[in-house]
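Engineer: Next comes run-v4.cif, mmCIF, C-alpha atoms:
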data_coords
loop_
_atom_site.label_atom_id
_atom_site.label_comp_id
_atom_site.auth_asym_id
_atom_site.auth_seq_id
_atom_site.Cartn_x
_atom_site.Cartn_y
_atom_site.Cartn_z
CA MET A 85 -11.83 2.89 14.03
CA PRO A 86 -8.36 2.34 12.48
CA ARG A 87 -7.88 -0.34 9.86
CA ILE A 88 -5.76 -3.38 10.66
CA ARG A 89 -2.33 -2.79 9.16
CA GLN A 90 -1.48 -3.91 5.64
CA LEU A 91 2.28 -4.42 5.45
CA THR A 92 4.16 -3.94 2.17
CA TYR A 93 7.69 -5.18 1.75
CA GLN A 94 10.27 -2.41 1.89
CA PRO A 95 13.60 -4.18 1.42
CA PRO A 96 16.96 -2.69 2.41
CA ARG A 97 19.08 -1.90 -0.68
CA SER A 98 16.39 -3.53 -2.85
CA ALA A 99 17.38 -6.94 -1.49
CA PRO A 100 14.74 -9.71 -1.79
CA VAL A 101 15.61 -11.10 1.65
CA GLU A 102 16.02 -9.38 5.02
CA MET A 103 16.80 -10.70 8.50
CA MET A 104 16.01 -9.33 11.92
CA SER A 105 16.02 -10.53 15.52
CA PHE A 106 13.09 -11.07 17.83
CA ALA A 107 14.59 -8.30 19.96
CA LYS A 108 14.09 -5.87 17.07
CA LEU A 109 10.58 -7.19 16.48
CA ARG A 110 9.78 -6.48 20.15
CA ARG A 111 10.78 -2.85 19.60
CA LEU A 112 8.72 -2.54 16.40
CA ASN A 113 5.67 -4.59 17.36
CA SER A 114 2.53 -2.58 18.11
CA GLY A 115 0.37 -5.58 18.97
CA THR A 116 -1.98 -4.95 16.05
CA THR A 117 -3.31 -7.51 13.61
CA GLU A 118 -1.44 -7.39 10.32
CA ARG A 119 -1.52 -8.77 6.79
CA ALA A 120 1.64 -8.68 4.70
CA ASP A 121 2.48 -9.11 1.02
CA PHE A 122 5.71 -10.95 1.88
CA HIS A 123 6.83 -14.07 3.77
CA VAL A 124 7.82 -13.89 7.45
CA LEU A 125 9.74 -16.92 8.69
CA GLY A 126 10.58 -17.07 12.40
CA VAL A 127 13.03 -19.58 13.92
CA VAL A 128 13.21 -19.62 17.74
CA ARG A 129 16.47 -20.52 19.52
CA ARG A 130 15.14 -20.08 23.05
CA GLY A 131 12.39 -18.44 25.09
CA HIS A 132 8.60 -18.62 24.99
CA GLY A 133 5.89 -16.62 23.24
CA SER A 134 2.95 -16.94 20.87
CA VAL A 135 1.62 -15.72 17.54
CA SER A 136 -1.83 -15.93 15.94
CA ALA A 137 -1.85 -16.90 12.25
CA ASP A 138 -5.14 -17.01 10.33
CA PHE A 139 -7.02 -17.10 13.65
CA ALA A 140 -5.12 -20.11 15.04
CA ASP A 141 -2.91 -19.70 18.11
CA CYS A 142 0.69 -20.91 17.75
CA PRO A 143 2.74 -21.27 20.96
CA LEU A 144 6.47 -20.69 20.42
CA ALA A 145 9.42 -22.22 22.25
CA ALA A 146 12.92 -23.49 21.51
CA ARG A 147 13.17 -24.94 17.97
CA SER A 148 9.74 -23.55 17.06
CA VAL A 149 9.35 -22.41 13.47
CA VAL A 150 6.54 -20.13 12.31
CA TRP A 151 5.99 -19.38 8.64
CA ILE A 152 3.58 -16.53 7.93
CA ARG A 153 2.85 -16.45 4.22
CA PRO A 154 1.66 -13.48 2.14
CA GLY A 155 -1.98 -12.72 2.82
CA VAL A 156 -2.10 -14.46 6.20
CA VAL A 157 -3.77 -12.38 8.90
CA HIS A 158 -1.52 -12.53 11.96
CA ARG A 159 -0.71 -10.94 15.30
CA TRP A 160 2.31 -11.34 17.58
CA ASP A 161 0.41 -11.94 20.82
CA ASP A 162 3.36 -12.53 23.15
CA LEU A 163 6.98 -11.99 22.16
CA GLY A 164 8.05 -12.71 25.73
CA ASP A 165 11.75 -13.54 25.91
CA LEU A 166 11.96 -15.08 22.45
CA ALA A 167 15.42 -15.15 20.88
CA GLY A 168 16.14 -16.21 17.33
CA ASP A 169 15.91 -15.04 13.75
CA LEU A 170 13.18 -13.69 11.51
CA VAL A 171 13.60 -13.93 7.74
CA LEU A 172 11.51 -11.61 5.57
CA PHE A 173 11.44 -12.35 1.86
CA VAL A 174 9.43 -11.68 -1.28
CA PRO A 175 7.62 -14.63 -2.95
CA THR A 176 10.07 -14.69 -5.87
CA ALA A 177 13.22 -14.84 -3.68
CA PRO A 178 13.61 -18.63 -3.28
CA VAL A 179 14.78 -20.81 -6.17
CA ALA A 180 14.16 -24.41 -7.28
CA GLY A 181 12.72 -26.59 -4.48
CA GLY A 182 12.62 -23.64 -2.11
CA ARG A 183 10.30 -21.76 -4.43
CA GLU A 184 8.00 -24.79 -4.62
CA LEU A 185 7.79 -24.82 -0.82
CA ALA A 186 7.09 -21.09 -0.73
CA ALA A 187 4.34 -21.44 -3.32
CA GLY A 188 2.48 -24.11 -1.35
CA PRO A 189 -0.32 -22.43 0.64
CA SER A 190 -1.09 -25.49 2.77
CA ALA A 191 2.24 -25.84 4.58
CA SER A 192 1.96 -25.68 8.37
CA ALA A 193 2.13 -22.23 9.93
CA CYS A 194 3.90 -23.47 13.06
CA TRP A 195 5.91 -26.57 13.87
CA THR A 196 8.92 -27.82 15.83
CA ALA A 197 12.13 -28.30 13.85
CA ASP A 198 13.69 -31.74 13.90
CA ALA A 199 16.36 -32.04 16.60
CA GLU A 200 18.77 -33.86 14.30
CA GLN A 201 18.39 -31.18 11.64
CA TRP A 202 18.76 -28.30 14.12
CA PRO A 203 22.56 -27.86 13.77
CA LEU A 204 22.18 -27.70 9.98
CA ILE A 205 19.28 -25.25 10.30
CA THR A 206 21.30 -22.91 12.53
CA ALA A 207 24.24 -23.18 10.11
CA ALA A 208 21.95 -22.24 7.20
CA LEU A 209 20.64 -19.27 9.20
CA ALA A 210 24.17 -18.12 9.97
CA HIS A 211 25.10 -18.36 6.29
CA LEU A 212 22.00 -16.40 5.27
CA ARG A 213 22.74 -13.78 7.93
CA SER A 214 26.23 -13.31 6.50
CA GLU A 215 24.94 -13.02 2.94
CA THR A 216 22.23 -10.47 3.79
CA GLY A 217 24.95 -8.29 5.32
CA ALA A 218 27.23 -8.51 2.28
CA PRO A 219 27.77 -5.34 0.21
CA ASP A 220 26.40 -7.00 -2.93
CA ALA A 221 23.35 -8.62 -1.26
CA HIS A 222 21.04 -6.64 -3.52
CA THR A 223 21.91 -8.93 -6.46
CA GLY A 224 19.64 -11.56 -4.92
CA ASP A 225 20.91 -14.65 -6.77
CA LEU A 226 23.07 -16.01 -3.97
CA LEU A 227 20.52 -14.96 -1.37
CA GLY A 228 17.89 -17.00 -3.18
CA LEU A 229 20.07 -20.09 -3.12
CA VAL A 230 20.96 -19.79 0.56
CA LEU A 231 17.34 -19.03 1.47
CA SER A 232 16.17 -22.10 -0.44
CA ALA A 233 18.69 -24.26 1.39
CA LEU A 234 17.25 -23.01 4.68
CA LEU A 235 13.66 -23.70 3.61
CA LEU A 236 14.53 -27.22 2.53
CA ARG A 237 16.35 -27.86 5.82
CA LEU A 238 13.34 -26.64 7.80
CA ALA A 239 11.10 -29.09 5.88
CA PRO A 240 7.67 -27.71 6.87
CA PRO A 241 5.05 -30.46 7.25
CA SER A 242 2.30 -29.81 4.71
CA GLY A 243 -0.29 -32.47 5.54
CA VAL A 244 -0.37 -33.25 1.81
CA ASP A 245 0.99 -36.27 -0.04
CA THR A 246 3.58 -34.61 -2.27
CA GLY A 247 3.34 -37.35 -4.91
CA HIS A 248 0.03 -36.11 -6.32
CA ARG A 249 0.97 -33.63 -9.04
CA LEU A 250 -2.61 -33.19 -10.20
CA PHE A 251 -3.58 -31.98 -6.75
CA HIS A 252 -0.78 -29.40 -6.82
CA ARG A 253 -2.07 -28.14 -10.17
CA PHE A 254 -5.59 -28.04 -8.71
CA ARG A 255 -4.36 -26.08 -5.69
CA ALA A 256 -2.65 -23.52 -7.94
CA ALA A 257 -5.78 -23.19 -10.09
CA VAL A 258 -7.92 -22.67 -6.98
CA GLU A 259 -5.65 -19.81 -5.88
CA GLU A 260 -6.20 -18.18 -9.27
CA ASP A 261 -9.94 -18.69 -9.62
CA PHE A 262 -11.63 -19.35 -6.25
CA ARG A 263 -13.14 -15.86 -6.09
CA GLY A 264 -15.22 -16.51 -9.17
CA HIS A 265 -15.58 -20.28 -9.45
CA HIS A 266 -16.88 -22.45 -6.63
CA ASP A 267 -17.45 -25.71 -8.50
CA VAL A 268 -15.00 -28.58 -9.00
CA ALA A 269 -16.20 -29.03 -12.59
CA HIS A 270 -14.65 -25.68 -13.55
CA TYR A 271 -11.22 -26.78 -12.32
CA ALA A 272 -11.56 -30.21 -13.95
CA ARG A 273 -12.22 -28.54 -17.31
CA LYS A 274 -9.38 -26.07 -16.80
CA LEU A 275 -6.91 -28.87 -16.03
CA GLY A 276 -8.19 -31.24 -18.71
CA TYR A 277 -9.51 -34.01 -16.45
CA SER A 278 -12.89 -35.39 -15.49
CA SER A 279 -14.41 -34.20 -12.22
CA ARG A 280 -14.19 -37.77 -10.90
CA THR A 281 -10.47 -38.05 -11.63
CA LEU A 282 -9.77 -34.68 -10.06
CA THR A 283 -11.80 -35.53 -6.96
CA ARG A 284 -9.93 -38.82 -6.53
CA SER A 285 -6.61 -36.97 -6.72
CA VAL A 286 -7.64 -34.38 -4.13
CA GLN A 287 -8.92 -37.09 -1.78
CA ALA A 288 -5.75 -39.13 -2.15
CA ALA A 289 -3.56 -36.11 -1.43
CA THR A 290 -5.54 -34.49 1.38
CA GLY A 291 -8.24 -36.86 2.60
CA ARG A 292 -10.84 -34.26 1.61
CA THR A 293 -13.09 -33.88 -1.41
CA GLY A 294 -12.46 -31.19 -3.98
CA LYS A 295 -15.64 -29.45 -2.84
CA ASP A 296 -14.44 -29.47 0.78
CA TYR A 297 -11.07 -28.02 -0.25
CA LEU A 298 -12.77 -25.22 -2.19
CA SER A 299 -15.16 -24.47 0.67
CA GLU A 300 -12.31 -24.29 3.20
CA ARG A 301 -10.37 -21.90 0.95
CA LEU A 302 -13.42 -19.66 0.53
CA VAL A 303 -14.11 -19.63 4.27
CA LEU A 304 -10.48 -18.73 5.03
CA GLU A 305 -10.55 -15.79 2.60
CA ALA A 306 -13.92 -14.68 3.96
CA LYS A 307 -12.48 -14.63 7.49
CA ARG A 308 -9.49 -12.62 6.28
CA LEU A 309 -11.74 -10.09 4.55
CA LEU A 310 -14.09 -9.81 7.52
CA ALA A 311 -11.28 -9.39 10.06
CA HIS A 312 -8.66 -7.48 8.10
CA ASP A 313 -10.58 -5.44 5.52
CA ARG A 314 -13.61 -5.03 7.81
CA LEU A 315 -15.93 -5.78 4.90
CA SER A 316 -19.62 -6.23 5.56
CA ALA A 317 -21.05 -9.68 4.88
CA ALA A 318 -22.64 -8.34 1.69
CA ARG A 319 -19.39 -6.85 0.38
CA CYS A 320 -17.44 -9.94 1.40
CA GLY A 321 -19.84 -12.21 -0.50
CA GLU A 322 -19.62 -9.94 -3.53
CA ARG A 323 -15.81 -10.00 -3.43
CA LEU A 324 -15.88 -13.80 -3.33
CA GLY A 325 -18.29 -14.20 -6.23
CA PHE A 326 -21.49 -15.17 -4.44
CA PRO A 327 -24.69 -14.21 -6.31
CA ASP A 328 -26.30 -12.43 -3.35
CA PRO A 329 -25.65 -11.67 0.36
CA SER A 330 -28.08 -14.29 1.65
CA ASN A 331 -26.34 -17.00 -0.37
CA PHE A 332 -22.97 -16.06 1.12
CA SER A 333 -24.34 -15.83 4.67
CA ALA A 334 -25.94 -19.25 4.36
CA PHE A 335 -22.70 -20.72 3.03
CA PHE A 336 -20.61 -19.15 5.81
CA ARG A 337 -23.03 -20.25 8.53
CA HIS A 338 -23.12 -23.80 7.16
CA GLN A 339 -19.31 -23.98 7.21
CA THR A 340 -18.65 -22.27 10.55
CA GLY A 341 -21.86 -22.54 12.54
CA ILE A 342 -22.30 -18.77 12.92
CA ARG A 343 -23.25 -15.81 10.72
CA PRO A 344 -20.50 -13.65 9.16
CA GLY A 345 -21.36 -10.63 11.29
CA GLN A 346 -21.16 -12.67 14.49
CA TRP A 347 -17.78 -14.09 13.48
CA GLN A 348 -16.49 -10.60 12.68
CA ALA A 349 -17.64 -9.24 16.03
CA ARG A 350 -15.80 -12.03 17.87
CA HIS A 351 -12.52 -11.79 15.97
CA VAL A 352 -11.92 -8.10 15.32
CA PRO A 353 -9.76 -6.97 18.24
CA GLU A 354 -11.32 -4.25 20.38
CA GLY A 355 -9.72 -0.89 19.74
CA GLU A 356 -8.27 -1.73 16.31
#
Let's see the structure in the file written out as structure tokens.
Structural biologist:
Amino acid sequence: MPRIRQLTYQPPRSAPVEMMSFAKLRRLNSGTTERADFHVLGVVRRGHGSVSADFADCPLAARSVVWIRPGVVHRWDDLGDLAGDLVLFVPTAPVAGGRELAAGPSASACWTADAEQWPLITAALAHLRSETGAPDAHTGDLLGLVLSALLLRLAPPSGVDTGHRLFHRFRAAVEEDFRGHHDVAHYARKLGYSSRTLTRSVQAATGRTGKDYLSERLVLEAKRLLAHDRLSAARCGERLGFPDPSNFSAFFRHQTGIRPGQWQARHVPEGE
């Protein structure tokens, strides 16, 4: 059985940003489930279609935006008659506020761009398209600025109160350590706060406890490993730092309602 595709960024002329059309994606798309090490940002001008991102279905229509971040398991289910632009870029390409947006793992995967902002968004896309076609695009500095302007214009809803800096530090620490540390106390010590203070910050920013946030991140990675890497439940639990397979299976079942093997059987596409 073939492995689901792992995509690695292969930029033209060593440029950190590339653009393509949905028409080109239709020609290249094989319908398989993929996981990339780069960002894929799609902006739809017209048409209808759908994409699956981290096992959630995202319908696409005029003014739809889909942002597939590195590591997200995704599949273009229906490219239909979609017309618009796709922007492919490495994590280090944006600058300033754009880089902060790109670094935030909780931003929405799919949303509808604001109608009032739409003319400015299409202008930013046109500018970026011109810069990616320039002879000196490989320098990257100007591309990073124009890309960041586009990201800021798109303004992805994150579901997080951006005023809580401690939460953002916690989120970054979780991305670094969640495979080996499943307790909030570890992150409180790492960040120099009490567990109570950290928990209050996470709840204020997200409406969830620190433990819930950690559990959701672990479950998401487990699903990615089960679906993309085809790991067994035992290997998946080992990769995520659980002491034994039964402990991981119990955790996964408590969070999702089914055992890891059952979830894998339901979500690995037949024939892949």
Engineer: Give the centre and edge lengths of an axis-aligned box, in Å to one decimal, that holds all listed atoms of stretch 141-160 of chain A with 4 Å on each side, as AutoDock Vina command-line options.
Structural biologist:
--center_x 4.7 --center_y -17.9 --center_z 12.2 --size_x 24.9 --size_y 22.0 --size_z 28.1
Engineer: Applied to the shown file, which residues does the PyMOL selection byres ((chain A and resi 307) around 9) return, written as a PyMOL selection string?
Structural biologist: chain A and resi 138-139+302-306+308-312+344+347-348+351
Engineer: Between A:Arg280, A:Arg350, A:Arg319, A:Arg147, single out the one closest to A:Thr293, counting all atoms listed in the file.
Structural biologist: A:Arg280
Engineer: Could you tell me how far atom CA of A:Val101 lies from atom CA of A:Arg213, in Å and to one decimal?
Structural biologist: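 Taking atom CA of A:Val101 and atom CA of A:Arg213, their separation equals 9.9 Å.
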Engineer: Out of A:Arg119, A:His158, A:Arg237, A:Arg284, which residue has the shortest atom-to-atom distance to A:Ser136 when counting all atoms listed in the file?
Structural biologist: A:His158
Engineer: Have a look at atom CA of A:Gly345 and atom CA of A:Ser316 and let me know their distance in Å, one decimal.
Structural biologist: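 Value for the atom CA of A:Gly345-atom CA of A:Ser316 distance: 7.4 Å.
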